[in-house]
file target.txt (compact mmCIF, C-alpha atoms and all ligand atoms)
# COMPACT_ATOMS: atom_id res chain seq x y z
CA MET A 11 36.77 -15.95 211.87
CA GLY A 12 40.08 -17.18 210.42
CA ASP A 13 43.04 -15.49 212.15
CA GLY A 14 45.36 -16.51 209.31
CA SER A 15 47.91 -17.92 211.72
CA VAL A 16 47.38 -21.54 210.67
CA ASP A 17 47.17 -23.23 207.34
CA PRO A 18 43.46 -24.06 207.37
CA ARG A 19 43.96 -26.70 204.70
CA ARG A 20 45.63 -29.01 207.21
CA ARG A 21 43.07 -28.65 209.94
CA VAL A 22 39.78 -28.92 208.07
CA PRO A 23 38.04 -31.96 209.59
CA ARG A 24 37.83 -35.01 207.39
CA THR A 25 34.56 -35.93 205.72
CA ASP A 26 34.17 -39.27 207.51
CA THR A 27 34.83 -37.64 210.88
CA LEU A 28 32.11 -35.07 210.18
CA LEU A 29 29.67 -37.68 208.90
CA ALA A 30 30.07 -39.54 212.21
CA ASP A 31 28.81 -36.51 214.14
CA PRO A 32 25.54 -37.54 215.86
CA GLN A 33 23.54 -34.62 214.51
CA LEU A 34 24.73 -35.19 210.97
CA VAL A 35 24.10 -38.93 211.32
CA ALA A 36 20.54 -38.14 212.42
CA ALA A 37 20.08 -35.85 209.43
CA THR A 38 21.20 -38.66 207.13
CA ALA A 39 18.10 -40.63 208.10
CA THR A 40 15.76 -38.05 206.61
CA LEU A 41 17.88 -36.31 203.98
CA GLY A 42 19.98 -39.21 202.73
CA ARG A 43 23.76 -39.57 202.93
CA GLU A 44 24.45 -37.84 199.63
CA GLN A 45 22.59 -34.70 200.62
CA VAL A 46 24.30 -34.50 204.02
CA LYS A 47 27.67 -35.15 202.40
CA ALA A 48 27.06 -32.27 199.98
CA VAL A 49 26.35 -29.97 202.93
CA VAL A 50 29.54 -31.15 204.66
CA THR A 51 31.61 -30.62 201.51
CA ARG A 52 30.36 -27.06 201.18
CA ALA A 53 31.26 -26.30 204.80
CA GLN A 54 34.74 -27.77 204.26
CA GLU A 55 35.17 -25.62 201.15
CA ARG A 56 34.20 -22.52 203.09
CA ALA A 57 36.96 -23.33 205.60
CA ARG A 58 39.49 -23.90 202.82
CA ARG A 59 38.58 -20.51 201.37
CA GLY A 60 39.19 -19.01 204.81
CA GLU A 61 35.58 -17.90 205.26
CA ILE A 62 35.28 -19.86 208.51
CA ASN A 63 37.69 -21.46 210.92
CA PRO A 64 38.35 -25.18 210.53
CA ASP A 65 36.89 -25.79 214.00
CA GLU A 66 33.65 -24.15 212.85
CA VAL A 67 33.08 -26.57 209.98
CA ARG A 68 30.90 -28.96 211.95
CA ASP A 69 28.62 -26.19 213.23
CA ALA A 70 28.44 -24.59 209.79
CA ALA A 71 27.39 -27.91 208.26
CA VAL A 72 24.70 -28.44 210.91
CA ALA A 73 23.42 -24.88 210.39
CA ALA A 74 23.29 -25.41 206.62
CA LEU A 75 21.15 -28.57 206.83
CA PRO A 76 17.84 -28.03 205.10
CA THR A 77 14.99 -27.44 207.52
CA PRO A 78 12.97 -30.56 208.26
CA GLY A 79 9.71 -31.00 206.42
CA PRO A 80 8.77 -31.56 202.82
CA ARG A 81 11.41 -30.60 200.27
CA VAL A 82 10.77 -28.73 197.04
CA VAL A 83 10.83 -31.19 194.14
CA LEU A 84 10.82 -30.37 190.44
CA ASN A 85 8.22 -32.60 188.81
CA ALA A 86 9.73 -33.81 185.53
CA THR A 87 7.66 -37.01 185.55
CA GLY A 88 5.10 -35.82 183.03
CA VAL A 89 2.40 -36.73 185.56
CA VAL A 90 0.44 -33.53 186.09
CA LEU A 91 -1.22 -34.54 189.36
CA HIS A 92 1.28 -36.76 191.14
CA THR A 93 -0.08 -37.83 194.51
CA ASN A 94 3.39 -38.61 195.89
CA LEU A 95 4.43 -35.05 194.98
CA GLY A 96 1.47 -33.46 196.72
CA ARG A 97 -0.84 -33.25 193.67
CA ALA A 98 -1.60 -29.70 192.50
CA PRO A 99 1.03 -27.01 193.07
CA LEU A 100 -0.55 -23.74 194.22
CA SER A 101 -0.67 -20.72 191.94
CA PRO A 102 1.38 -17.63 192.87
CA ALA A 103 -1.90 -15.95 193.86
CA ALA A 104 -2.77 -18.83 196.18
CA VAL A 105 0.71 -18.85 197.69
CA ALA A 106 0.46 -15.12 198.38
CA ALA A 107 -2.95 -15.66 199.98
CA VAL A 108 -1.55 -18.40 202.22
CA VAL A 109 1.31 -16.18 203.33
CA ALA A 110 -1.09 -13.32 204.05
CA ALA A 111 -3.42 -15.62 205.99
CA ALA A 112 -0.62 -17.01 208.14
CA GLY A 113 -1.17 -14.31 210.73
CA HIS A 114 -4.43 -13.23 212.30
CA THR A 115 -7.26 -12.97 209.79
CA ASP A 116 -11.00 -12.29 209.68
CA VAL A 117 -11.64 -15.96 208.84
CA GLU A 118 -14.59 -16.07 211.22
CA LEU A 119 -15.27 -12.43 211.93
CA ASP A 120 -17.26 -9.68 210.22
CA LEU A 121 -15.10 -6.59 210.54
CA VAL A 122 -18.06 -4.28 209.77
CA THR A 123 -20.32 -5.51 212.55
CA GLY A 124 -17.59 -6.81 214.80
CA ARG A 125 -19.49 -10.07 215.17
CA ARG A 126 -18.71 -13.66 214.45
CA ALA A 127 -19.26 -14.52 210.79
CA ARG A 128 -19.54 -17.68 208.68
CA ARG A 129 -16.12 -19.29 208.62
CA GLY A 130 -14.33 -19.02 205.29
CA ARG A 131 -17.14 -17.12 203.60
CA GLY A 132 -14.74 -15.67 201.02
CA ALA A 133 -13.83 -19.11 199.73
CA LEU A 134 -17.42 -20.38 199.99
CA ASP A 135 -18.78 -17.36 198.11
CA ALA A 136 -16.15 -17.81 195.40
CA LEU A 137 -17.05 -21.49 195.05
CA ALA A 138 -20.77 -20.70 194.88
CA ALA A 139 -20.09 -18.01 192.27
CA ALA A 140 -18.00 -20.43 190.19
CA VAL A 141 -20.84 -22.99 190.17
CA PRO A 142 -24.16 -21.12 190.08
CA ASP A 143 -26.01 -24.43 189.63
CA ALA A 144 -25.25 -25.31 193.25
CA GLY A 145 -27.91 -24.27 195.76
CA ALA A 146 -25.22 -24.14 198.45
CA VAL A 147 -21.63 -25.20 198.99
CA HIS A 148 -19.44 -26.44 201.81
CA VAL A 149 -15.74 -27.24 202.10
CA VAL A 150 -14.08 -29.96 204.19
CA ASN A 151 -10.61 -31.40 204.53
CA ASN A 152 -10.46 -33.57 201.39
CA GLY A 153 -12.56 -35.57 198.95
CA ALA A 154 -12.70 -38.54 201.30
CA ALA A 155 -14.01 -36.32 204.10
CA ALA A 156 -16.71 -34.95 201.80
CA LEU A 157 -17.92 -38.51 201.13
CA VAL A 158 -17.77 -39.47 204.79
CA LEU A 159 -19.88 -36.46 205.73
CA ALA A 160 -22.45 -37.16 203.02
CA ALA A 161 -22.63 -40.86 203.93
CA THR A 162 -22.94 -40.09 207.64
CA VAL A 163 -25.72 -37.56 207.23
CA LEU A 164 -27.72 -39.42 204.57
CA ALA A 165 -27.06 -43.09 205.18
CA ALA A 166 -25.68 -43.98 208.64
CA GLY A 167 -27.52 -47.20 209.59
CA ARG A 168 -29.07 -47.28 206.14
CA GLU A 169 -28.05 -48.24 202.60
CA ILE A 170 -25.97 -46.65 199.89
CA VAL A 171 -26.89 -48.05 196.50
CA VAL A 172 -23.82 -48.20 194.26
CA SER A 173 -22.71 -49.96 191.08
CA ARG A 174 -20.21 -52.83 191.41
CA GLY A 175 -18.20 -51.12 188.69
CA GLU A 176 -17.67 -48.08 190.88
CA LEU A 177 -16.33 -49.61 194.08
CA VAL A 178 -12.89 -48.20 193.46
CA GLU A 179 -9.53 -48.04 195.16
CA ILE A 180 -8.07 -44.56 194.86
CA GLY A 181 -4.48 -45.48 195.73
CA ASP A 182 -2.25 -46.58 198.58
CA GLY A 183 -4.90 -49.07 199.71
CA PHE A 184 -7.58 -46.41 200.10
CA ARG A 185 -10.81 -48.10 199.09
CA LEU A 186 -14.01 -46.15 198.78
CA PRO A 187 -16.26 -49.03 199.99
CA ASP A 188 -14.28 -49.31 203.25
CA LEU A 189 -14.49 -45.57 203.78
CA LEU A 190 -18.25 -45.50 203.23
CA GLU A 191 -18.88 -48.50 205.52
CA SER A 192 -16.83 -46.87 208.27
CA THR A 193 -19.70 -44.41 208.68
CA GLY A 194 -22.14 -47.17 209.63
CA ALA A 195 -23.76 -47.16 206.23
CA ARG A 196 -24.30 -50.45 204.38
CA LEU A 197 -23.37 -50.78 200.74
CA ARG A 198 -26.03 -52.20 198.47
CA GLU A 199 -24.05 -53.25 195.41
CA VAL A 200 -25.91 -53.44 192.14
CA GLY A 201 -25.09 -54.52 188.58
CA THR A 202 -21.80 -56.05 187.51
CA THR A 203 -18.25 -54.80 187.06
CA ASN A 204 -18.85 -53.83 183.45
CA ARG A 205 -22.59 -53.18 183.22
CA THR A 206 -25.13 -51.58 185.53
CA THR A 207 -28.56 -50.51 184.32
CA LEU A 208 -31.18 -48.16 185.72
CA ALA A 209 -33.33 -51.23 186.44
CA ASP A 210 -30.54 -52.64 188.63
CA TYR A 211 -30.64 -49.50 190.75
CA ALA A 212 -34.44 -49.34 190.80
CA ALA A 213 -34.72 -52.95 192.02
CA ALA A 214 -32.45 -52.20 194.99
CA LEU A 215 -34.35 -49.18 196.29
CA GLY A 216 -36.44 -49.45 199.42
CA PRO A 217 -37.18 -47.88 202.79
CA GLN A 218 -33.57 -48.48 203.81
CA THR A 219 -32.10 -46.47 200.93
CA GLY A 220 -30.10 -43.44 202.05
CA PHE A 221 -28.92 -42.40 198.62
CA VAL A 222 -27.67 -43.60 195.28
CA LEU A 223 -23.95 -43.02 194.83
CA LYS A 224 -22.32 -42.37 191.47
CA VAL A 225 -18.51 -42.56 191.57
CA HIS A 226 -16.34 -41.36 188.73
CA PRO A 227 -13.60 -43.94 188.15
CA SER A 228 -10.87 -41.35 188.13
CA ASN A 229 -7.83 -43.60 187.83
CA PHE A 230 -8.83 -46.44 185.49
CA ARG A 231 -11.05 -47.20 182.54
CA VAL A 232 -13.25 -50.17 181.75
CA THR A 233 -13.60 -50.66 178.02
CA GLY A 234 -15.36 -53.15 175.78
CA PHE A 235 -18.83 -54.51 176.64
CA THR A 236 -19.75 -51.85 179.15
CA SER A 237 -22.75 -49.85 180.16
CA ALA A 238 -23.15 -47.39 182.98
CA THR A 239 -26.15 -45.43 184.11
CA GLY A 240 -25.65 -41.67 184.13
CA VAL A 241 -26.67 -39.15 186.75
CA ARG A 242 -29.52 -37.90 184.54
CA GLN A 243 -31.18 -41.33 184.64
CA LEU A 244 -30.40 -41.89 188.31
CA ALA A 245 -32.07 -38.59 189.13
CA THR A 246 -35.40 -40.07 187.98
CA LEU A 247 -35.35 -42.67 190.80
CA GLY A 248 -36.77 -40.32 193.41
CA VAL A 249 -33.95 -40.72 195.97
CA PRO A 250 -30.98 -38.41 196.59
CA VAL A 251 -28.14 -38.91 194.10
CA VAL A 252 -24.64 -38.16 195.37
CA ALA A 253 -22.03 -37.88 192.61
CA ASP A 254 -18.38 -38.20 193.53
CA ILE A 255 -16.73 -36.61 190.50
CA GLY A 256 -13.29 -36.76 192.10
CA SER A 257 -11.29 -34.32 190.02
CA GLY A 258 -12.85 -31.01 191.03
CA LEU A 259 -13.39 -29.74 187.51
CA LEU A 260 -16.04 -27.07 188.09
CA SER A 261 -17.08 -26.64 184.47
CA ALA A 262 -16.40 -28.68 181.34
CA ASP A 263 -12.89 -28.67 179.83
CA PRO A 264 -12.79 -29.58 176.10
CA LEU A 265 -9.33 -31.11 176.64
CA LEU A 266 -10.88 -33.68 179.00
CA PRO A 267 -14.18 -34.64 177.37
CA ASP A 268 -14.78 -37.71 179.58
CA GLU A 269 -14.13 -35.92 182.84
CA PRO A 270 -17.35 -34.97 184.67
CA ASP A 271 -17.62 -31.43 185.99
CA ALA A 272 -19.61 -30.09 188.90
CA ALA A 273 -21.88 -27.75 186.93
CA SER A 274 -22.94 -30.36 184.36
CA THR A 275 -23.43 -33.02 187.03
CA LEU A 276 -25.70 -30.75 189.06
CA ARG A 277 -27.64 -29.76 185.95
CA ALA A 278 -28.08 -33.47 185.18
CA GLY A 279 -29.91 -33.74 188.50
CA ALA A 280 -27.36 -34.75 191.16
CA THR A 281 -28.51 -33.79 194.65
CA LEU A 282 -24.94 -33.41 195.82
CA VAL A 283 -21.55 -33.36 194.11
CA THR A 284 -18.32 -34.15 195.97
CA ALA A 285 -14.83 -33.45 194.66
CA SER A 286 -11.22 -32.75 195.64
CA GLY A 287 -9.64 -29.31 195.67
CA ASP A 288 -6.11 -30.38 194.72
CA LYS A 289 -6.76 -32.26 191.51
CA LEU A 290 -7.93 -30.59 188.29
CA LEU A 291 -9.15 -27.51 190.16
CA GLY A 292 -5.47 -26.90 190.91
CA GLY A 293 -6.01 -25.68 194.45
CA PRO A 294 -5.19 -26.78 197.99
CA GLN A 295 -6.15 -30.14 199.47
CA ALA A 296 -9.84 -29.79 200.22
CA GLY A 297 -13.14 -31.57 199.78
CA LEU A 298 -15.86 -29.69 197.94
CA LEU A 299 -19.55 -30.29 198.54
CA LEU A 300 -21.99 -28.63 196.17
CA GLY A 301 -25.71 -29.09 195.76
CA ASP A 302 -29.14 -28.93 197.31
CA ALA A 303 -29.24 -26.04 199.79
CA GLU A 304 -31.21 -27.89 202.47
CA LEU A 305 -28.91 -30.92 202.32
CA VAL A 306 -25.72 -28.82 202.37
CA ASP A 307 -27.08 -27.05 205.43
CA ARG A 308 -27.58 -30.41 207.17
CA LEU A 309 -24.04 -31.42 206.27
CA ARG A 310 -22.65 -28.17 207.60
CA ARG A 311 -24.51 -28.50 210.91
CA HIS A 312 -23.66 -32.16 211.58
CA PRO A 313 -21.26 -32.57 214.54
CA LEU A 314 -18.82 -34.45 212.32
CA ALA A 315 -18.41 -31.34 210.13
CA ARG A 316 -16.39 -29.74 212.92
CA ALA A 317 -13.85 -32.56 212.78
CA LEU A 318 -13.53 -32.23 209.04
CA ARG A 319 -13.27 -28.47 208.82
CA VAL A 320 -10.46 -26.83 206.87
CA ASP A 321 -7.93 -24.41 208.28
CA LYS A 322 -7.58 -20.75 207.36
CA LEU A 323 -4.62 -21.41 205.05
CA THR A 324 -6.67 -23.81 202.95
CA LEU A 325 -9.56 -21.36 202.79
CA ALA A 326 -7.21 -18.59 201.69
CA ALA A 327 -5.61 -20.72 198.99
CA LEU A 328 -8.97 -21.98 197.78
CA ALA A 329 -10.45 -18.48 197.52
CA ALA A 330 -7.42 -17.27 195.55
CA THR A 331 -7.53 -20.30 193.24
CA LEU A 332 -11.20 -19.72 192.50
CA HIS A 333 -10.67 -16.01 191.83
CA GLN A 334 -7.69 -16.67 189.60
CA PRO A 335 -8.21 -20.06 187.97
CA ASP A 336 -5.04 -19.84 185.85
CA THR A 337 -3.30 -22.46 187.95
CA PRO A 338 -0.03 -24.29 187.32
CA THR A 339 -2.14 -27.43 186.86
CA ARG A 340 -4.07 -25.77 184.08
CA SER A 341 -0.87 -24.44 182.47
CA ALA A 342 0.69 -27.92 182.59
CA LEU A 343 -2.42 -29.49 181.06
CA HIS A 344 -2.66 -26.96 178.28
CA ALA A 345 1.08 -26.48 177.63
CA ASP A 346 1.94 -26.15 173.94
CA PRO A 347 4.09 -29.12 172.80
CA GLY A 348 6.01 -26.81 170.43
CA ALA A 349 7.06 -24.60 173.32
CA LEU A 350 8.02 -27.66 175.39
CA HIS A 351 10.12 -28.92 172.47
CA ARG A 352 12.03 -25.64 172.30
CA ARG A 353 12.68 -25.67 176.06
CA VAL A 354 14.01 -29.24 175.95
CA GLU A 355 16.22 -28.44 172.93
CA ARG A 356 17.64 -25.48 174.74
CA LEU A 357 18.49 -27.62 177.76
CA ARG A 358 20.08 -30.24 175.51
CA ASP A 359 22.20 -27.56 173.79
CA ARG A 360 23.33 -26.02 177.06
CA LEU A 361 24.27 -29.46 178.41
CA GLY A 362 26.06 -30.19 175.14
CA ALA A 363 28.13 -27.03 175.58
CA ASP A 364 29.26 -28.57 178.86
CA GLY A 365 30.18 -31.85 177.23
CA ARG A 366 27.06 -33.74 178.38
CA LYS A 367 25.24 -35.94 175.90
CA ALA A 368 21.47 -35.68 176.25
CA GLU A 369 18.76 -36.35 173.70
CA VAL A 370 15.45 -34.72 172.94
CA VAL A 371 12.72 -37.35 172.74
CA PRO A 372 8.94 -37.26 172.35
CA ALA A 373 7.11 -38.24 175.54
CA VAL A 374 3.58 -38.87 176.69
CA ALA A 375 2.39 -36.98 179.75
CA VAL A 376 -0.71 -37.95 181.69
CA VAL A 377 -3.10 -36.24 184.08
CA GLY A 378 -2.35 -38.79 186.80
CA GLY A 379 -4.34 -40.31 189.66
CA GLY A 380 -6.24 -37.04 189.89
CA GLY A 381 -8.38 -37.74 186.90
CA ALA A 382 -8.82 -38.30 183.18
CA PRO A 383 -7.47 -41.84 182.87
CA GLY A 384 -6.55 -42.64 179.30
CA VAL A 385 -5.91 -39.03 178.30
CA GLU A 386 -2.45 -38.75 176.73
CA LEU A 387 -0.77 -35.37 176.39
CA ASP A 388 1.93 -35.03 173.71
CA SER A 389 5.08 -33.84 175.38
CA TRP A 390 8.86 -33.66 175.06
CA ALA A 391 11.58 -34.89 177.37
CA LEU A 392 15.29 -34.68 177.88
CA SER A 393 16.68 -38.21 177.78
CA LEU A 394 19.72 -38.99 179.97
CA PRO A 395 21.47 -42.18 181.06
CA GLU A 396 19.50 -43.95 183.78
CA ARG A 397 22.23 -43.43 186.36
CA TYR A 398 21.17 -39.76 186.59
CA ALA A 399 17.85 -40.76 188.17
CA ALA A 400 19.05 -41.43 191.72
CA SER A 401 21.50 -38.51 191.77
CA LEU A 402 18.82 -36.08 190.61
CA ARG A 403 16.37 -37.39 193.19
CA THR A 404 18.80 -36.98 196.06
CA GLY A 405 20.64 -33.84 194.97
CA ASP A 406 20.43 -30.35 196.45
CA GLN A 407 17.42 -29.59 194.25
CA PRO A 408 15.59 -32.87 193.83
CA VAL A 409 14.34 -33.45 190.28
CA LEU A 410 12.03 -36.40 189.70
CA GLY A 411 11.93 -37.88 186.22
CA ARG A 412 10.71 -41.16 184.79
CA VAL A 413 12.86 -44.15 183.87
CA VAL A 414 11.80 -45.74 180.60
CA ARG A 415 13.75 -48.61 179.02
CA GLY A 416 17.04 -47.76 180.65
CA ARG A 417 16.86 -43.99 180.10
CA LEU A 418 15.89 -41.21 182.47
CA LEU A 419 13.30 -38.94 180.84
CA LEU A 420 12.86 -35.40 182.15
CA ASP A 421 9.51 -34.20 180.79
CA LEU A 422 9.23 -30.43 181.11
CA ARG A 423 5.43 -30.25 180.93
CA CYS A 424 5.01 -29.88 184.71
CA VAL A 425 8.23 -27.95 185.28
CA PRO A 426 7.58 -24.19 185.37
CA ALA A 427 9.49 -22.52 182.49
CA ASP A 428 11.40 -20.37 184.98
CA ALA A 429 12.75 -23.53 186.62
CA ASP A 430 14.61 -24.75 183.50
CA ASP A 431 17.83 -23.23 184.86
CA ALA A 432 17.36 -25.14 188.09
CA VAL A 433 16.93 -28.40 186.13
CA LEU A 434 20.08 -27.59 184.15
CA ALA A 435 22.07 -26.82 187.30
CA ALA A 436 20.85 -30.04 188.96
CA VAL A 437 21.92 -32.13 185.95
CA LEU A 438 25.30 -30.41 185.85
CA ARG A 439 25.86 -31.19 189.54
CA VAL A 440 25.69 -34.92 188.76
CA PRO A 441 29.27 -36.08 188.17
CA GLY A 442 29.47 -36.56 184.43
CA ASP A 443 31.46 -39.27 182.68
CA ASP A 444 29.05 -40.59 180.11
C1 LIG B 501 -9.37 -38.54 194.52
C2 LIG B 501 -10.70 -39.13 194.69
C3 LIG B 501 -11.25 -39.29 195.96
C4 LIG B 501 -10.50 -38.95 197.22
O1 LIG B 501 -10.29 -37.59 197.31
P1 LIG B 501 -9.15 -37.01 198.33
O2 LIG B 501 -9.22 -35.55 198.11
O3 LIG B 501 -7.89 -37.65 197.88
O4 LIG B 501 -9.55 -37.44 199.67
C5 LIG B 501 -12.51 -39.82 196.06
N1 LIG B 501 -13.20 -40.17 194.95
C6 LIG B 501 -12.71 -40.02 193.70
C7 LIG B 501 -13.53 -40.42 192.54
C8 LIG B 501 -11.43 -39.49 193.53
O5 LIG B 501 -10.96 -39.35 192.30
call {"tool": "encode", "arguments": {"input": "target.txt", "output": "structure tokens"}}
result
Amino acid sequence: MGDGSVDPRRRVPRTDTLLADPQLVAATATLGREQVKAVVTRAQERARRGEINPDEVRDAAVAALPTPGPRVVLNATGVVLHTNLGRAPLSPAAVAAVVAAAGHTDVELDLVTGRRARRGRGALDALAAAVPDAGAVHVVNNGAAALVLAATVLAAGREIVVSRGELVEIGDGFRLPDLLESTGARLREVGTTNRTTLADYAAALGPQTGFVLKVHPSNFRVTGFTSATGVRQLATLGVPVVADIGSGLLSADPLLPDEPDAASTLRAGATLVTASGDKLLGGPQAGLLLGDAELVDRLRRHPLARALRVDKLTLAALAATLHQPDTPTRSALHADPGALHRRVERLRDRLGADGRKAEVVPAVAVVGGGGAPGVELDSWALSLPERYAASLRTGDQPVLGRVVRGRLLLDLRCVPADADDAVLAAVLRVPGDD
């Protein structure tokens, strides 16, 4: 390290020279120029402080580049389940379980007998215990996989009877009808966009019917002259009823009265319920299948099930989430607006002490694509000039807010309280001249 014989200030490589280095240019493609420049600046500063030699600056910058892969983002959007941010964040218990499961585990072994055991039985037992109305349960890779498996086993080469009002697009061009037809099943659409009666379903049934599908429209609402037929009525038709509830709520939540839950849907007579693990359940990406024991056994034994099976990390996270359902998703949903207000005020005051003008404004948070369309959660946000948006997104600790009418709103509802300091530091790193 620095031998003190030269004035390091004169020999520290220039920023544009460093940014032309092939490895740093390559990093710019994934991290963005601003992020790479910040890394370079820090390496230059280390040289100026004499911590490293000027000719080590390039290597120090390369070594300090963040590892490739997803970056940690603070979700200040006020969208609890943001698909672009990976939906539900795992609870500390689930994270610990994932870390523990990263090595060798007994995922498919009974340590008492020394024999092979049912894969992921801890998670499956926890799911069964959480929903006693289910005769049996199974877990696959995601909600879409759960539907594909059900459609393949019950309706390949046959018909799925479904309301025209429930042929939904989940997002990013993912359309449920296309997914279902990819299994070789035919869709038998009944009713209209806004109204479908039990008689519509009944008239469509025949020898070709594989099952009746009930899909919860989890990301939109149809209001006005509408009528839908519930699972309880569909269960009287004498064919299997598969209910895709989407959100993964296992039992009813008074905060979300219109959101179907697995237990109630099974009690209403659904043969099978499918749902996602990383929406309102607040767990890892997974597809849950709950219902009739004989049917779940057929699903589990179908060759396709092997292609859809979840890895040990998912099983570990799911088991922990089910044992300890106090997830960050739940905390964000049930956060007290008064407490959020105090946190935002505190941030505003601390920014004010640094000469930054920010305002405290009321905000409306939402559940997001993961469920409960139309539910509005009273929240509070820090309001900053819009120009902060890009800098906060691309800074050392990315913070994602929401731009509304020329202002950047940072809603703290989905930011863990212990991350307020990180939000503050990120805002202070944005050059301030407002
Ligand atoms: C989210 C959702 C899906 C897809 O689930 P993934 O876990 O994203 O595959 C399917 N159906 C409904 C109703 C949903 O809300």
call {"tool": "residues_near_ligand", "arguments": {"input": "target.txt", "ligand": "ligand LIG 501 (chain B)", "cutoff": "9 Å", "atoms": "only C-alpha atoms and all ligand atoms", "output": "ChimeraX atom specification"}}
result
/A:93,151-157,176,178-181,184-186,225-229,253-258,284-289,295-298,379-381
call {"tool": "write_last_selection", "arguments": {"input": "target.txt", "atoms": "C-alpha atoms", "output": "compact mmCIF listing (two decimals), in the frame of the given file"}}
result
# COMPACT_ATOMS: atom_id res chain seq x y z
CA THR A 93 -0.08 -37.83 194.51
CA ASN A 151 -10.61 -31.40 204.53
CA ASN A 152 -10.46 -33.57 201.39
CA GLY A 153 -12.56 -35.57 198.95
CA ALA A 154 -12.70 -38.54 201.30
CA ALA A 155 -14.01 -36.32 204.10
CA ALA A 156 -16.71 -34.95 201.80
CA LEU A 157 -17.92 -38.51 201.13
CA GLU A 176 -17.67 -48.08 190.88
CA VAL A 178 -12.89 -48.20 193.46
CA GLU A 179 -9.53 -48.04 195.16
CA ILE A 180 -8.07 -44.56 194.86
CA GLY A 181 -4.48 -45.48 195.73
CA PHE A 184 -7.58 -46.41 200.10
CA ARG A 185 -10.81 -48.10 199.09
CA LEU A 186 -14.01 -46.15 198.78
CA VAL A 225 -18.51 -42.56 191.57
CA HIS A 226 -16.34 -41.36 188.73
CA PRO A 227 -13.60 -43.94 188.15
CA SER A 228 -10.87 -41.35 188.13
CA ASN A 229 -7.83 -43.60 187.83
CA ALA A 253 -22.03 -37.88 192.61
CA ASP A 254 -18.38 -38.20 193.53
CA ILE A 255 -16.73 -36.61 190.50
CA GLY A 256 -13.29 -36.76 192.10
CA SER A 257 -11.29 -34.32 190.02
CA GLY A 258 -12.85 -31.01 191.03
CA THR A 284 -18.32 -34.15 195.97
CA ALA A 285 -14.83 -33.45 194.66
CA SER A 286 -11.22 -32.75 195.64
CA GLY A 287 -9.64 -29.31 195.67
CA ASP A 288 -6.11 -30.38 194.72
CA LYS A 289 -6.76 -32.26 191.51
CA GLN A 295 -6.15 -30.14 199.47
CA ALA A 296 -9.84 -29.79 200.22
CA GLY A 297 -13.14 -31.57 199.78
CA LEU A 298 -15.86 -29.69 197.94
CA GLY A 379 -4.34 -40.31 189.66
CA GLY A 380 -6.24 -37.04 189.89
CA GLY A 381 -8.38 -37.74 186.90
call {"tool": "axis_aligned_box", "arguments": {"input": "target.txt", "around": "region 276-290 of chain A", "padding_each_side": "5 Å", "output": "lines of an AutoDock Vina configuration file"}}
result
center_x = -18.0
center_y = -32.0
center_z = 190.6
size_x = 33.8
size_y = 15.4
size_z = 20.8
call {"tool": "residues_around", "arguments": {"input": "target.txt", "residues": "Glu199 (chain A)", "least_positions_apart": "5", "cutoff": "12 Å", "atoms": "all atoms listed in the file", "output": "list of chain:residue names"}}
result
A:Glu169, A:Ile170, A:Val171, A:Val172, A:Ser173, A:Arg174, A:Gly175, A:Glu176, A:Leu177, A:Pro187, A:Thr206, A:Asp210, A:Tyr211, A:Ala213, A:Ala214, A:Leu215, A:Thr219, A:Val222, A:Leu223, A:Lys224
call {"tool": "atom_distance", "arguments": {"input": "target.txt", "atom1": "CA of Leu392 (chain A)", "atom2": "CA of Leu420 (chain A)"}}
result
5.0 Å
call {"tool": "residues_around", "arguments": {"input": "target.txt", "residues": "Leu309 (chain A)", "least_positions_apart": "4", "cutoff": "10 Å", "atoms": "all atoms listed in the file", "output": "JSON, numbers by chain"}}
result
{"A": [147, 148, 156, 159, 160, 161, 162, 163, 164, 299, 303, 304, 305, 313, 314, 315]}
call {"tool": "atom_distance", "arguments": {"input": "target.txt", "atom1": "CA of Ser389 (chain A)", "atom2": "CA of Leu357 (chain A)"}}
result
15.0 Å
